[in-house]
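Asker: Mind looking over this structure? Questions follow.
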Protein chains: 2
Amino acid sequence: MALAPPARPGDSVSAIDTPALVLDLDAFERNLDRMAKAVATTRIALRPHGKAHKCPEIAKAQIARGAIGICCQKVAEAEVFVDAGIADVLVTNEVVGAAKHARLAALARRARVAVLADDADNARAMGAAAVAAGVTLAVHVEVDVGQHRCGVAPGAPAVALARTIASTPGLRLAGIHAYHGGAQHLRTPQERRAAIAQATSLARETKAAIEAAGVPCPIVTGAGTGTWTNERDSGVYTELQPGSYVFMDADYGRNALSESDVAFEQSLFVLATVMSSPVRDRAVVDAGLKSFAFDSGPPLVRGRAGWVYDKASDEHGTIAVAADAAAPSLGERVWLVPGHCDPTVNLYDWIVGVRGDRVESLWSIAARGASG
Amino acid sequence: MALAPPARPGDSVSAIDTPALVLDLDAFERNLDRMAKAVATTRIALRPHGKAHKCPEIAKAQIARGAIGICCQKVAEAEVFVDAGIADVLVTNEVVGAAKHARLAALARRARVAVLADDADNARAMGAAAVAAGVTLAVHVEVDVGQHRCGVAPGAPAVALARTIASTPGLRLAGIHAYHGGAQHLRTPQERRAAIAQATSLARETKAAIEAAGVPCPIVTGAGTGTWTNERDSGVYTELQPGSYVFMDADYGRNALSESDVAFEQSLFVLATVMSSPVRDRAVVDAGLKSFAFDSGPPLVRGRAGWVYDKASDEHGTIAVAADAAAPSLGERVWLVPGHCDPTVNLYDWIVGVRGDRVESLWSIAARGASG
């Protein structure tokens with residue numbers, strides 16, 4: 001029942017069926033290189049987040065440039081990546097329920113698998129599943145360093161959970177997970193720096209308290225595309241998890257950068273077609289609510305001054321065209337920058353890689369929809 | 001590469017892997033019956049919109065209860081439905097470009113296929129594709145009756161396009177498409193009635209003007225779940241296109257109904273699991289931006305007073321739990337009502353049909369992602 005891909009390698013870009021998720025391979029590779037270079041001279045491990053791309057080929061490109069493995073959010077994603085040959089996966093999330101515990105433990109027979117915990121009973125249940133499968137699961141205590149989503153409080157509660165994990169058969173304490181998601185989209189470098197300074201301080205104290213309790217806590221993992229230079233330079237974090245840097249999106253584009261930040265390029269686009277233009281100031285494209293996630297606002301129009309994507313319905317995007325802008329023509333192609341890359345990628349089965357005016361690659365977004 | 005389904009027929013509901021898209025089959029069938037009954041004694045044809053469900057089994061259930069065929073929005077959707085045996089499909093959209101014209105014409109060799117047009121040159125290009133394929137495409141003039149998206153203006157511009165279509169080899173004028181999408185979510189019955197009265201008046205005049213020009217215009221098609229009783233009773237519309245009525249969603253739930261409206265039940269849910277609850281007033285579920293479309297707001301929590309889904313990230317939903325509400329327990333199931341059903345359904349590969357506490361059916365959302 002798989003849908004036909006929107007293009008084949010060797011096709012001209014003008015032959016791509018729309019809407020399509022298109023990757024500018026030159027920009028993408030420059031992004032990979034920038035990140036690899038920025039961590040190469042440090043002792044920090046890079047473990048990029050696979051939830052952004054859900055694509056084994058991209059994970060392999062990251063590992064080929066020095067990443068130690070990848071992150072993902074769900075057991076089902078981890079299964080897809082391990083099936084595709086990725087040998088080291090951290091599920092940056094709590095996993096609950098006997099069926100998922102058993103799947104996670106089974107996966108640990110085939111790859112290095114780590115997971116988070118923020119609850120002692122659930123950790124013990126994971127341990128039992130690991131024992132039943134004959135494996136040891138590496139577990140990070142998730143510490144709430146500002147995100148206020150999952151995670152135990154820093155300090156004593158984290159120490160108590162670390163001790164539980166360290167003493168539970170089938171589990172091994174790998175370290176702490178200290179990710180501050182809310183800091184990624186603070187707009188100024190000063191705000192982001194202040195938020196990560198606070199997170200770093202909580203992570204440092206928590207790691208020290210765990211080790212003072214006699215439990216080794218080697219790894220401190222976290223960071224995202226908005227803040228990773230701060231965690232890299234913190235002296236506390238040992239592992240970085242940025243994901244969006246390979247693609248970028250309109251929302252990350254709104255972050256102001258400091259001189260010490262690394263600027264990534266927009267490499268990911270949705271290619272759309274004008275399929276109606278009943279009046280001069282309106283272009284309707286074939287990409288709407290089913291072609292973009294709108295949680296971070298509408299897509300931006302690339303390369304058409306005075307064109308603003310201002311309304312979406314299921315399969316239509318309505319673009320307002322300014323009076324002094326180029327008039328739309330039926331059938332013309334429009335390059336759109338997604339508001340938020342992760343959930344937009346999750347709408348597509350294929351990512352079409354282009355170089356210049358040729359389609360070079362067609363990669364399966366194999367973990368699309370793998371939310372279980 | 002297909003992902004494993006989240007359940008099997010015969011499973012207990014408590015065994016469904018989450019997040020999952022779940023259909024309450026009793027409520028769904030009552031919705032089908034309500035709509036069938038509401039048009040049975042009229043001369044109006046029901047052609048439900050398949051963009052809501054993208055699921056051939058649901059299309060077949062609609063046709064089994066009297067629908068004359070289905071609507072969809074994209075050629076790729078039409079291909080999926082025709083492949084699955086649906087014999088009569090209206091693409092309620094403009095189709096642009098030689099490749100898509102050829103696909104549409106090829107489809108018309110296997111099924112009754114109709115499409116919209118709002119541009120004379122594009123209509124002529126479709127006609128050439130139809131001639132090349134040896135078929136005649138049925139075409140509706142899309143008339144802008146208030147939506148201000150695609151469509152020609154009512155009156156003279158519609159007449160001119162109708163004449164072009166009627167005189168273009170390979171095309172046949174089927175009628176006019178007069179859908180007022182913006183009216184569907186006006187909150188009061190009075191507002192919706194007024195908007196559709198205006199749309200009806202424009203549709204009536206346009207149809208009369210086309211026929212006065214000597215071109216038969218038998219079909220007037222349109223309407224959605226918010227307004228269809230108005231079009232049904234208009235004396236002008238001959239065909240109704242509601243889609244969401246089979247499922248309903250939080251946004252349609254915000255429409256106030258009059259006594260003459262038909263109330264549909266919420267039959268569609270996302271079943272999620274509490275996978276973290278670090279503090280008493282917060283439950284974090286395993287369904288976020290990749291499990292719901294958020295264009296019409298967050299999902300609603302069903303059956304848990306004082307629980308409000310208030311924040312989403314890619315794979316997390318954060319629920320605020322009121323002080324006097326039941327405290328969350330790790331692993332408990334939460335039933336969530338999507339904000340907007342159509343783009344939410346498009347995130348899933350499977351729809352799990354349940355009756356009572358058993359899984360009865362597992363239907364492929366075969367046209368998921370079929371946006372081309």
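The way I read the labels, and the way they are meant: chains A, B, ... in the order of the structure tokens, residue 1 as the first residue of every chain, and ligand 1 as the first ligand shown, with later ones counted on from there.
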Leaving out Ala197 of chain B and any residue of its chain fewer than 6 positions from it, which residues lie within 9 Å of it when counting only C-alpha atoms, given as a PyMOL selection string?

Answerer: chain B and resi 230-231+234

Asker: Could those selected residues go to a file with N, CA and C atoms, as a JSON list (two decimals), in the first residue's frame?

Answerer:
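Saved as out.json:
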[["chain", "number", "residue", "atom", "x", "y", "z"],
["B", 230, "ASN", "N", -28.54, 23.36, 5.76],
["B", 230, "ASN", "CA", -28.93, 24.55, 5.00],
["B", 230, "ASN", "C", -28.88, 24.30, 3.50],
["B", 231, "GLU", "N", -27.80, 23.70, 3.02],
["B", 231, "GLU", "CA", -27.71, 23.40, 1.59],
["B", 231, "GLU", "C", -28.77, 22.36, 1.20],
["B", 234, "SER", "N", -32.00, 24.03, 0.58],
["B", 234, "SER", "CA", -31.89, 25.28, -0.19],
["B", 234, "SER", "C", -32.72, 25.29, -1.45]]

Asker: For Asp121 of chain B, list every protein, DNA or RNA residue within 12 Å, evaluated using only C-alpha atoms, and leave out those in the same chain fewer than 2 positions away; present the list as a PyMOL selection string.

Answerer: (chain A and resi 276+329-331) or (chain B and resi 95-97+117-119+123-128+161+164-165+168)

Asker: So that I can see what lies close to Arg368 of chain A, please list as a PyMOL selection string the residues with an atom at most 7 Å from it, counting only C-alpha atoms and leaving out residues fewer than 4 positions away in the same chain.

Answerer: chain A and resi 54+346+349

Asker: Counting only C-alpha atoms, which residues from chain B have an atom at most 6 Å from any atom of chain A, and could you show them as a PDB file with N, CA, C and O atoms, in the first residue's frame?

Answerer:
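Writing the result to part-v5.pdb gives the following:
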ATOM      1  N   THR B  18      -0.234   2.557  22.603  1.00  0.00           N
ATOM      2  CA  THR B  18      -0.526   3.987  22.432  1.00  0.00           C
ATOM      3  C   THR B  18       0.726   4.736  21.994  1.00  0.00           C
ATOM      4  O   THR B  18       1.833   4.267  22.224  1.00  0.00           O
ATOM      5  N   PRO B  19       0.535   5.925  21.353  1.00  0.00           N
ATOM      6  CA  PRO B  19      -0.752   6.520  20.992  1.00  0.00           C
ATOM      7  C   PRO B  19      -1.390   5.799  19.809  1.00  0.00           C
ATOM      8  O   PRO B  19      -0.692   5.304  18.930  1.00  0.00           O
ATOM      9  N   VAL B  96      -3.449  20.756 -11.495  1.00  0.00           N
ATOM     10  CA  VAL B  96      -2.590  21.553 -12.383  1.00  0.00           C
ATOM     11  C   VAL B  96      -1.347  20.755 -12.773  1.00  0.00           C
ATOM     12  O   VAL B  96      -0.770  20.051 -11.945  1.00  0.00           O
ATOM     13  N   CYS B 150     -10.011  29.257  -3.761  1.00  0.00           N
ATOM     14  CA  CYS B 150     -10.014  29.061  -5.202  1.00  0.00           C
ATOM     15  C   CYS B 150     -11.383  29.471  -5.754  1.00  0.00           C
ATOM     16  O   CYS B 150     -12.296  29.815  -5.013  1.00  0.00           O
ATOM     17  N   MET B 275       2.728   8.807  30.870  1.00  0.00           N
ATOM     18  CA  MET B 275       4.046   8.171  31.010  1.00  0.00           C
ATOM     19  C   MET B 275       4.974   8.944  31.942  1.00  0.00           C
ATOM     20  O   MET B 275       6.100   8.514  32.189  1.00  0.00           O
ATOM     21  N   SER B 276       4.470  10.011  32.508  1.00  0.00           N
ATOM     22  CA  SER B 276       5.229  10.705  33.540  1.00  0.00           C
ATOM     23  C   SER B 276       4.247  11.569  34.320  1.00  0.00           C
ATOM     24  O   SER B 276       3.288  12.111  33.754  1.00  0.00           O
ATOM     25  N   LYS B 290       3.142  15.147  17.080  1.00  0.00           N
ATOM     26  CA  LYS B 290       3.142  14.150  16.001  1.00  0.00           C
ATOM     27  C   LYS B 290       1.915  13.243  16.077  1.00  0.00           C
ATOM     28  O   LYS B 290       1.763  12.347  15.251  1.00  0.00           O
ATOM     29  N   PRO B 343      -6.685  16.598   9.587  1.00  0.00           N
ATOM     30  CA  PRO B 343      -5.218  16.485   9.599  1.00  0.00           C
ATOM     31  C   PRO B 343      -4.686  15.598  10.725  1.00  0.00           C
ATOM     32  O   PRO B 343      -3.543  15.160  10.650  1.00  0.00           O
ATOM     33  N   GLY B 372      -0.318  14.264  -3.202  1.00  0.00           N
ATOM     34  CA  GLY B 372       0.174  14.610  -4.530  1.00  0.00           C
ATOM     35  C   GLY B 372      -0.906  14.594  -5.603  1.00  0.00           C
ATOM     36  O   GLY B 372      -2.010  14.148  -5.376  1.00  0.00           O
TER      37      GLY B 372
END

Asker: Would you mind listing what lies within 10 Å of Val215 of chain A as a ChimeraX atom specification, with only C-alpha atoms counted and same-chain residues fewer than 2 positions away left out?

Answerer: /A:159,162-163,165-167,173,175,207-213,217-218

Asker: Write the residues of the selection above to a file with N, CA, C and O atoms, as a tab-separated table (two decimals), in the first residue's frame.

Answerer:
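Generated output (selection00.tsv):
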chain	number	residue	atom	x	y	z
A	159	VAL	N	19.01	11.88	43.39
A	159	VAL	CA	19.93	10.95	44.05
A	159	VAL	C	19.19	9.67	44.44
A	159	VAL	O	19.66	8.55	44.21
A	162	ALA	N	18.57	7.62	41.39
A	162	ALA	CA	19.83	7.05	40.90
A	162	ALA	C	20.22	5.82	41.72
A	162	ALA	O	20.68	4.81	41.18
A	163	ARG	N	20.04	5.91	43.03
A	163	ARG	CA	20.37	4.76	43.89
A	163	ARG	C	19.46	3.59	43.58
A	163	ARG	O	19.91	2.43	43.54
A	165	ILE	N	18.01	2.92	40.73
A	165	ILE	CA	18.42	2.35	39.45
A	165	ILE	C	19.70	1.52	39.62
A	165	ILE	O	19.79	0.39	39.13
A	166	ALA	N	20.66	2.09	40.33
A	166	ALA	CA	21.95	1.39	40.49
A	166	ALA	C	21.78	0.07	41.22
A	166	ALA	O	22.57	-0.86	41.02
A	167	SER	N	20.76	-0.03	42.06
A	167	SER	CA	20.59	-1.26	42.84
A	167	SER	C	19.53	-2.19	42.26
A	167	SER	O	19.20	-3.21	42.87
A	173	LEU	N	23.02	2.48	35.99
A	173	LEU	CA	22.91	3.94	35.92
A	173	LEU	C	23.95	4.48	34.93
A	173	LEU	O	25.16	4.33	35.14
A	175	GLY	N	23.82	7.82	33.79
A	175	GLY	CA	24.08	9.23	34.06
A	175	GLY	C	22.79	9.98	34.25
A	175	GLY	O	21.79	9.40	34.67
A	207	LYS	N	24.74	15.80	39.66
A	207	LYS	CA	25.77	14.79	39.37
A	207	LYS	C	26.69	14.62	40.59
A	207	LYS	O	26.99	13.49	41.00
A	208	ALA	N	27.08	15.74	41.19
A	208	ALA	CA	27.97	15.67	42.35
A	208	ALA	C	27.28	14.96	43.51
A	208	ALA	O	27.90	14.14	44.22
A	209	ALA	N	26.00	15.25	43.70
A	209	ALA	CA	25.28	14.62	44.82
A	209	ALA	C	25.13	13.12	44.60
A	209	ALA	O	25.24	12.32	45.54
A	210	ILE	N	24.88	12.72	43.35
A	210	ILE	CA	24.76	11.29	43.06
A	210	ILE	C	26.10	10.60	43.33
A	210	ILE	O	26.16	9.54	43.96
A	211	GLU	N	27.18	11.23	42.88
A	211	GLU	CA	28.49	10.60	43.08
A	211	GLU	C	28.88	10.61	44.56
A	211	GLU	O	29.52	9.67	45.04
A	212	ALA	N	28.46	11.67	45.27
A	212	ALA	CA	28.73	11.71	46.71
A	212	ALA	C	28.01	10.58	47.44
A	212	ALA	O	28.44	10.14	48.51
A	213	ALA	N	26.91	10.09	46.83
A	213	ALA	CA	26.18	8.97	47.43
A	213	ALA	C	26.81	7.63	47.02
A	213	ALA	O	26.26	6.56	47.31
A	217	CYS	N	28.30	8.42	38.04
A	217	CYS	CA	27.33	9.10	37.15
A	217	CYS	C	28.12	9.72	35.99
A	217	CYS	O	28.32	10.93	35.93
A	218	PRO	N	28.59	8.87	35.07
A	218	PRO	CA	29.54	9.37	34.07
A	218	PRO	C	28.96	10.34	33.04
A	218	PRO	O	29.66	11.25	32.61

Asker: In Å, with one decimal, what is the gap from atom CA of Gly170 of chain B to atom CA of Val113 of chain B?

Answerer: 12.7 Å

Asker: Here is a test: counting only C-alpha atoms, which residue of B:Ala38, B:Ala61, B:Ala108, B:Leu23 is nearest to Phe269 of chain B?

Answerer: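 Looking at the shortest contact to Phe269 of chain B, the residue is B:Leu23.
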
Asker: Between B:Pro157, B:Pro298, B:Pro338, B:Pro189, which one has atoms that come closest to Gln266 of chain B, using only C-alpha atoms?

Answerer: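 That would be B:Pro338, the residue with the smallest distance to Gln266 of chain B.
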
Asker: Which is closest to Gly134 of chain A among A:Ile63, A:Val270, A:Val321, A:Leu107, if we use only C-alpha atoms?

Answerer: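 Among A:Ile63, A:Val270, A:Val321, A:Leu107, it is A:Leu107 that comes nearest to Gly134 of chain A.
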
Asker: Residues within 10 Å of Ala326 of chain B, please, as a list in words. Count only C-alpha atoms; anything in the same chain fewer than 4 positions from it doesn't count.

Answerer: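 Once the adjacent positions are removed, what remains is Arg280, Asp281, Arg304, Ala305, Gly306, Trp307, Val321 and Ala322 of chain B.
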
Asker: Restricting the calculation to only C-alpha atoms, which member of B:Gly182, B:Gly235, B:Gly222, B:Pro242 is positioned closest to Ala36 of chain B?

Answerer: B:Pro242

Asker: My list of candidates is A:His140, A:Arg110, A:His53, A:Arg193. Which is closest to Leu90 of chain A when distances are computed with only C-alpha atoms?

Answerer: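 Of all the options, A:His140 lies closest to Leu90 of chain A.
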
Asker: With a distance cut-off of 12 Å and only C-alpha atoms, select the neighbouring residues of Arg109 of chain B, excluding the residue or stretch itself and same-chain residues fewer than 3 positions from it, and output the selection as a PDB file with all heavy atoms, in the first residue's frame.

Answerer:
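Saved the output as selection.pdb:
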ATOM      1  N   GLU B  79      -6.621   8.069  -6.527  1.00  0.00           N
ATOM      2  CA  GLU B  79      -6.001   6.809  -6.972  1.00  0.00           C
ATOM      3  C   GLU B  79      -6.154   5.714  -5.913  1.00  0.00           C
ATOM      4  O   GLU B  79      -6.460   4.561  -6.229  1.00  0.00           O
ATOM      5  CB  GLU B  79      -4.525   7.046  -7.294  1.00  0.00           C
ATOM      6  CG  GLU B  79      -4.333   7.864  -8.577  1.00  0.00           C
ATOM      7  CD  GLU B  79      -2.912   8.375  -8.803  1.00  0.00           C
ATOM      8  OE1 GLU B  79      -2.130   8.481  -7.827  1.00  0.00           O
ATOM      9  OE2 GLU B  79      -2.590   8.701  -9.953  1.00  0.00           O
ATOM     10  N   VAL B  82      -9.894   4.615  -5.837  1.00  0.00           N
ATOM     11  CA  VAL B  82     -10.272   3.822  -7.010  1.00  0.00           C
ATOM     12  C   VAL B  82      -9.598   2.448  -6.958  1.00  0.00           C
ATOM     13  O   VAL B  82     -10.226   1.422  -7.226  1.00  0.00           O
ATOM     14  CB  VAL B  82      -9.941   4.582  -8.314  1.00  0.00           C
ATOM     15  CG1 VAL B  82     -10.109   3.679  -9.536  1.00  0.00           C
ATOM     16  CG2 VAL B  82     -10.837   5.817  -8.434  1.00  0.00           C
ATOM     17  N   ALA B  87     -16.079   3.485  -7.028  1.00  0.00           N
ATOM     18  CA  ALA B  87     -16.338   3.632  -8.468  1.00  0.00           C
ATOM     19  C   ALA B  87     -16.644   5.049  -8.902  1.00  0.00           C
ATOM     20  O   ALA B  87     -16.747   5.310 -10.110  1.00  0.00           O
ATOM     21  CB  ALA B  87     -17.505   2.719  -8.861  1.00  0.00           C
ATOM     22  N   ASP B  88     -16.806   5.977  -7.955  1.00  0.00           N
ATOM     23  CA  ASP B  88     -17.279   7.321  -8.316  1.00  0.00           C
ATOM     24  C   ASP B  88     -16.623   8.329  -7.380  1.00  0.00           C
ATOM     25  O   ASP B  88     -16.936   8.368  -6.184  1.00  0.00           O
ATOM     26  CB  ASP B  88     -18.811   7.351  -8.191  1.00  0.00           C
ATOM     27  CG  ASP B  88     -19.412   8.631  -8.739  1.00  0.00           C
ATOM     28  OD1 ASP B  88     -18.735   9.680  -8.740  1.00  0.00           O
ATOM     29  OD2 ASP B  88     -20.582   8.581  -9.170  1.00  0.00           O
ATOM     30  N   ALA B 102      -2.502  13.799 -16.637  1.00  0.00           N
ATOM     31  CA  ALA B 102      -2.441  12.462 -17.244  1.00  0.00           C
ATOM     32  C   ALA B 102      -2.902  11.398 -16.243  1.00  0.00           C
ATOM     33  O   ALA B 102      -3.608  10.446 -16.608  1.00  0.00           O
ATOM     34  CB  ALA B 102      -1.023  12.173 -17.723  1.00  0.00           C
ATOM     35  N   ARG B 103      -2.508  11.566 -14.968  1.00  0.00           N
ATOM     36  CA  ARG B 103      -2.943  10.594 -13.949  1.00  0.00           C
ATOM     37  C   ARG B 103      -4.462  10.641 -13.771  1.00  0.00           C
ATOM     38  O   ARG B 103      -5.124   9.604 -13.635  1.00  0.00           O
ATOM     39  CB  ARG B 103      -2.236  10.868 -12.616  1.00  0.00           C
ATOM     40  CG  ARG B 103      -0.767  10.430 -12.621  1.00  0.00           C
ATOM     41  CD  ARG B 103       0.026  11.055 -11.476  1.00  0.00           C
ATOM     42  NE  ARG B 103      -0.577  10.788 -10.189  1.00  0.00           N
ATOM     43  CZ  ARG B 103      -0.245  11.446  -9.063  1.00  0.00           C
ATOM     44  NH1 ARG B 103       0.694  12.387  -9.101  1.00  0.00           N
ATOM     45  NH2 ARG B 103      -0.823  11.155  -7.926  1.00  0.00           N
ATOM     46  N   LEU B 104      -5.001  11.856 -13.753  1.00  0.00           N
ATOM     47  CA  LEU B 104      -6.450  12.002 -13.582  1.00  0.00           C
ATOM     48  C   LEU B 104      -7.192  11.356 -14.751  1.00  0.00           C
ATOM     49  O   LEU B 104      -8.189  10.641 -14.563  1.00  0.00           O
ATOM     50  CB  LEU B 104      -6.784  13.493 -13.488  1.00  0.00           C
ATOM     51  CG  LEU B 104      -8.193  13.854 -13.053  1.00  0.00           C
ATOM     52  CD1 LEU B 104      -8.404  13.517 -11.578  1.00  0.00           C
ATOM     53  CD2 LEU B 104      -8.453  15.345 -13.287  1.00  0.00           C
ATOM     54  N   ALA B 105      -6.693  11.593 -15.951  1.00  0.00           N
ATOM     55  CA  ALA B 105      -7.345  11.021 -17.133  1.00  0.00           C
ATOM     56  C   ALA B 105      -7.236   9.495 -17.115  1.00  0.00           C
ATOM     57  O   ALA B 105      -8.201   8.786 -17.443  1.00  0.00           O
ATOM     58  CB  ALA B 105      -6.714  11.597 -18.403  1.00  0.00           C
ATOM     59  N   ALA B 106      -6.086   8.988 -16.693  1.00  0.00           N
ATOM     60  CA  ALA B 106      -5.920   7.529 -16.617  1.00  0.00           C
ATOM     61  C   ALA B 106      -6.920   6.931 -15.634  1.00  0.00           C
ATOM     62  O   ALA B 106      -7.484   5.855 -15.856  1.00  0.00           O
ATOM     63  CB  ALA B 106      -4.485   7.177 -16.204  1.00  0.00           C
ATOM     64  N   ARG B 112     -15.771   6.554 -12.461  1.00  0.00           N
ATOM     65  CA  ARG B 112     -16.361   7.867 -12.761  1.00  0.00           C
ATOM     66  C   ARG B 112     -15.548   8.892 -12.001  1.00  0.00           C
ATOM     67  O   ARG B 112     -15.478   8.843 -10.770  1.00  0.00           O
ATOM     68  CB  ARG B 112     -17.801   7.935 -12.268  1.00  0.00           C
ATOM     69  CG  ARG B 112     -18.800   7.140 -13.106  1.00  0.00           C
ATOM     70  CD  ARG B 112     -20.156   7.106 -12.408  1.00  0.00           C
ATOM     71  NE  ARG B 112     -20.724   8.445 -12.267  1.00  0.00           N
ATOM     72  CZ  ARG B 112     -21.571   8.994 -13.134  1.00  0.00           C
ATOM     73  NH1 ARG B 112     -21.945   8.319 -14.208  1.00  0.00           N
ATOM     74  NH2 ARG B 112     -22.039  10.214 -12.942  1.00  0.00           N
ATOM     75  N   VAL B 113     -14.943   9.820 -12.704  1.00  0.00           N
ATOM     76  CA  VAL B 113     -14.058  10.796 -12.075  1.00  0.00           C
ATOM     77  C   VAL B 113     -14.494  12.192 -12.490  1.00  0.00           C
ATOM     78  O   VAL B 113     -14.697  12.457 -13.681  1.00  0.00           O
ATOM     79  CB  VAL B 113     -12.588  10.557 -12.477  1.00  0.00           C
ATOM     80  CG1 VAL B 113     -11.689  11.682 -11.978  1.00  0.00           C
ATOM     81  CG2 VAL B 113     -12.109   9.214 -11.941  1.00  0.00           C
ATOM     82  N   ALA B 114     -14.635  13.066 -11.514  1.00  0.00           N
ATOM     83  CA  ALA B 114     -14.936  14.466 -11.802  1.00  0.00           C
ATOM     84  C   ALA B 114     -13.940  15.341 -11.065  1.00  0.00           C
ATOM     85  O   ALA B 114     -13.281  14.896 -10.110  1.00  0.00           O
ATOM     86  CB  ALA B 114     -16.361  14.809 -11.384  1.00  0.00           C
ATOM     87  N   ALA B 130      -7.370  14.389 -21.416  1.00  0.00           N
ATOM     88  CA  ALA B 130      -8.496  13.451 -21.497  1.00  0.00           C
ATOM     89  C   ALA B 130      -8.604  12.867 -22.901  1.00  0.00           C
ATOM     90  O   ALA B 130      -8.791  11.655 -23.068  1.00  0.00           O
ATOM     91  CB  ALA B 130      -9.791  14.160 -21.088  1.00  0.00           C
ATOM     92  N   VAL B 131      -8.470  13.715 -23.915  1.00  0.00           N
ATOM     93  CA  VAL B 131      -8.525  13.230 -25.304  1.00  0.00           C
ATOM     94  C   VAL B 131      -7.410  12.216 -25.545  1.00  0.00           C
ATOM     95  O   VAL B 131      -7.629  11.146 -26.123  1.00  0.00           O
ATOM     96  CB  VAL B 131      -8.423  14.420 -26.293  1.00  0.00           C
ATOM     97  CG1 VAL B 131      -8.186  13.927 -27.718  1.00  0.00           C
ATOM     98  CG2 VAL B 131      -9.692  15.270 -26.206  1.00  0.00           C
ATOM     99  N   ALA B 132      -6.214  12.535 -25.052  1.00  0.00           N
ATOM    100  CA  ALA B 132      -5.080  11.621 -25.240  1.00  0.00           C
ATOM    101  C   ALA B 132      -5.338  10.270 -24.584  1.00  0.00           C
ATOM    102  O   ALA B 132      -4.882   9.241 -25.079  1.00  0.00           O
ATOM    103  CB  ALA B 132      -3.803  12.257 -24.675  1.00  0.00           C
ATOM    104  N   ALA B 133      -6.086  10.280 -23.482  1.00  0.00           N
ATOM    105  CA  ALA B 133      -6.369   9.026 -22.778  1.00  0.00           C
ATOM    106  C   ALA B 133      -7.645   8.364 -23.271  1.00  0.00           C
ATOM    107  O   ALA B 133      -8.002   7.279 -22.800  1.00  0.00           O
ATOM    108  CB  ALA B 133      -6.469   9.293 -21.271  1.00  0.00           C
ATOM    109  N   GLY B 134      -8.343   9.032 -24.159  1.00  0.00           N
ATOM    110  CA  GLY B 134      -9.578   8.457 -24.681  1.00  0.00           C
ATOM    111  C   GLY B 134     -10.737   8.493 -23.709  1.00  0.00           C
ATOM    112  O   GLY B 134     -11.603   7.613 -23.723  1.00  0.00           O
ATOM    113  N   VAL B 135     -10.763   9.500 -22.849  1.00  0.00           N
ATOM    114  CA  VAL B 135     -11.850   9.605 -21.865  1.00  0.00           C
ATOM    115  C   VAL B 135     -12.473  10.998 -21.933  1.00  0.00           C
ATOM    116  O   VAL B 135     -11.937  11.912 -22.570  1.00  0.00           O
ATOM    117  CB  VAL B 135     -11.350   9.367 -20.417  1.00  0.00           C
ATOM    118  CG1 VAL B 135     -10.775   7.965 -20.268  1.00  0.00           C
ATOM    119  CG2 VAL B 135     -10.325  10.431 -20.010  1.00  0.00           C
ATOM    120  N   THR B 136     -13.605  11.132 -21.263  1.00  0.00           N
ATOM    121  CA  THR B 136     -14.208  12.444 -21.056  1.00  0.00           C
ATOM    122  C   THR B 136     -14.236  12.709 -19.554  1.00  0.00           C
ATOM    123  O   THR B 136     -14.727  11.880 -18.786  1.00  0.00           O
ATOM    124  CB  THR B 136     -15.646  12.479 -21.605  1.00  0.00           C
ATOM    125  OG1 THR B 136     -15.595  12.190 -23.003  1.00  0.00           O
ATOM    126  CG2 THR B 136     -16.277  13.845 -21.377  1.00  0.00           C
ATOM    127  N   LEU B 137     -13.650  13.828 -19.155  1.00  0.00           N
ATOM    128  CA  LEU B 137     -13.647  14.194 -17.730  1.00  0.00           C
ATOM    129  C   LEU B 137     -14.848  15.083 -17.428  1.00  0.00           C
ATOM    130  O   LEU B 137     -15.112  16.048 -18.158  1.00  0.00           O
ATOM    131  CB  LEU B 137     -12.371  14.967 -17.384  1.00  0.00           C
ATOM    132  CG  LEU B 137     -11.101  14.169 -17.140  1.00  0.00           C
ATOM    133  CD1 LEU B 137      -9.898  15.129 -17.018  1.00  0.00           C
ATOM    134  CD2 LEU B 137     -11.210  13.321 -15.863  1.00  0.00           C
TER     135      LEU B 137
END

Asker: Let me make sure I understand: among B:Leu268, B:Val354, B:Ile44, B:Ala111, which one has the smallest atom-to-atom distance to Ile219 of chain B if we use only C-alpha atoms?

Answerer: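 Closest to Ile219 of chain B of all the choices is B:Ile44.
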
Asker: Taking the DSSP assignment computed from this structure's backbone, write out as an NGL selection string all residues of segment 116-272 of chain A that belong to helix (DSSP H, G or I).

Answerer: :A and (120-133 or 156-166 or 181-185 or 189-212 or 228-232 or 244-246 or 250-253)

Asker: Expressed in Å to a single decimal, how great is the separation between atom CA of Lys37 of chain A and atom CA of Arg187 of chain A?

Answerer: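 That distance, rounded to one decimal, is 24.5 Å.
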
Asker: Check the DSSP output for the backbone and give back, as a ChimeraX atom specification, the residues of segment 74-227 of chain A in strand (DSSP E).

Answerer: /A:88-91,112-117,137-142,171-177,219-222
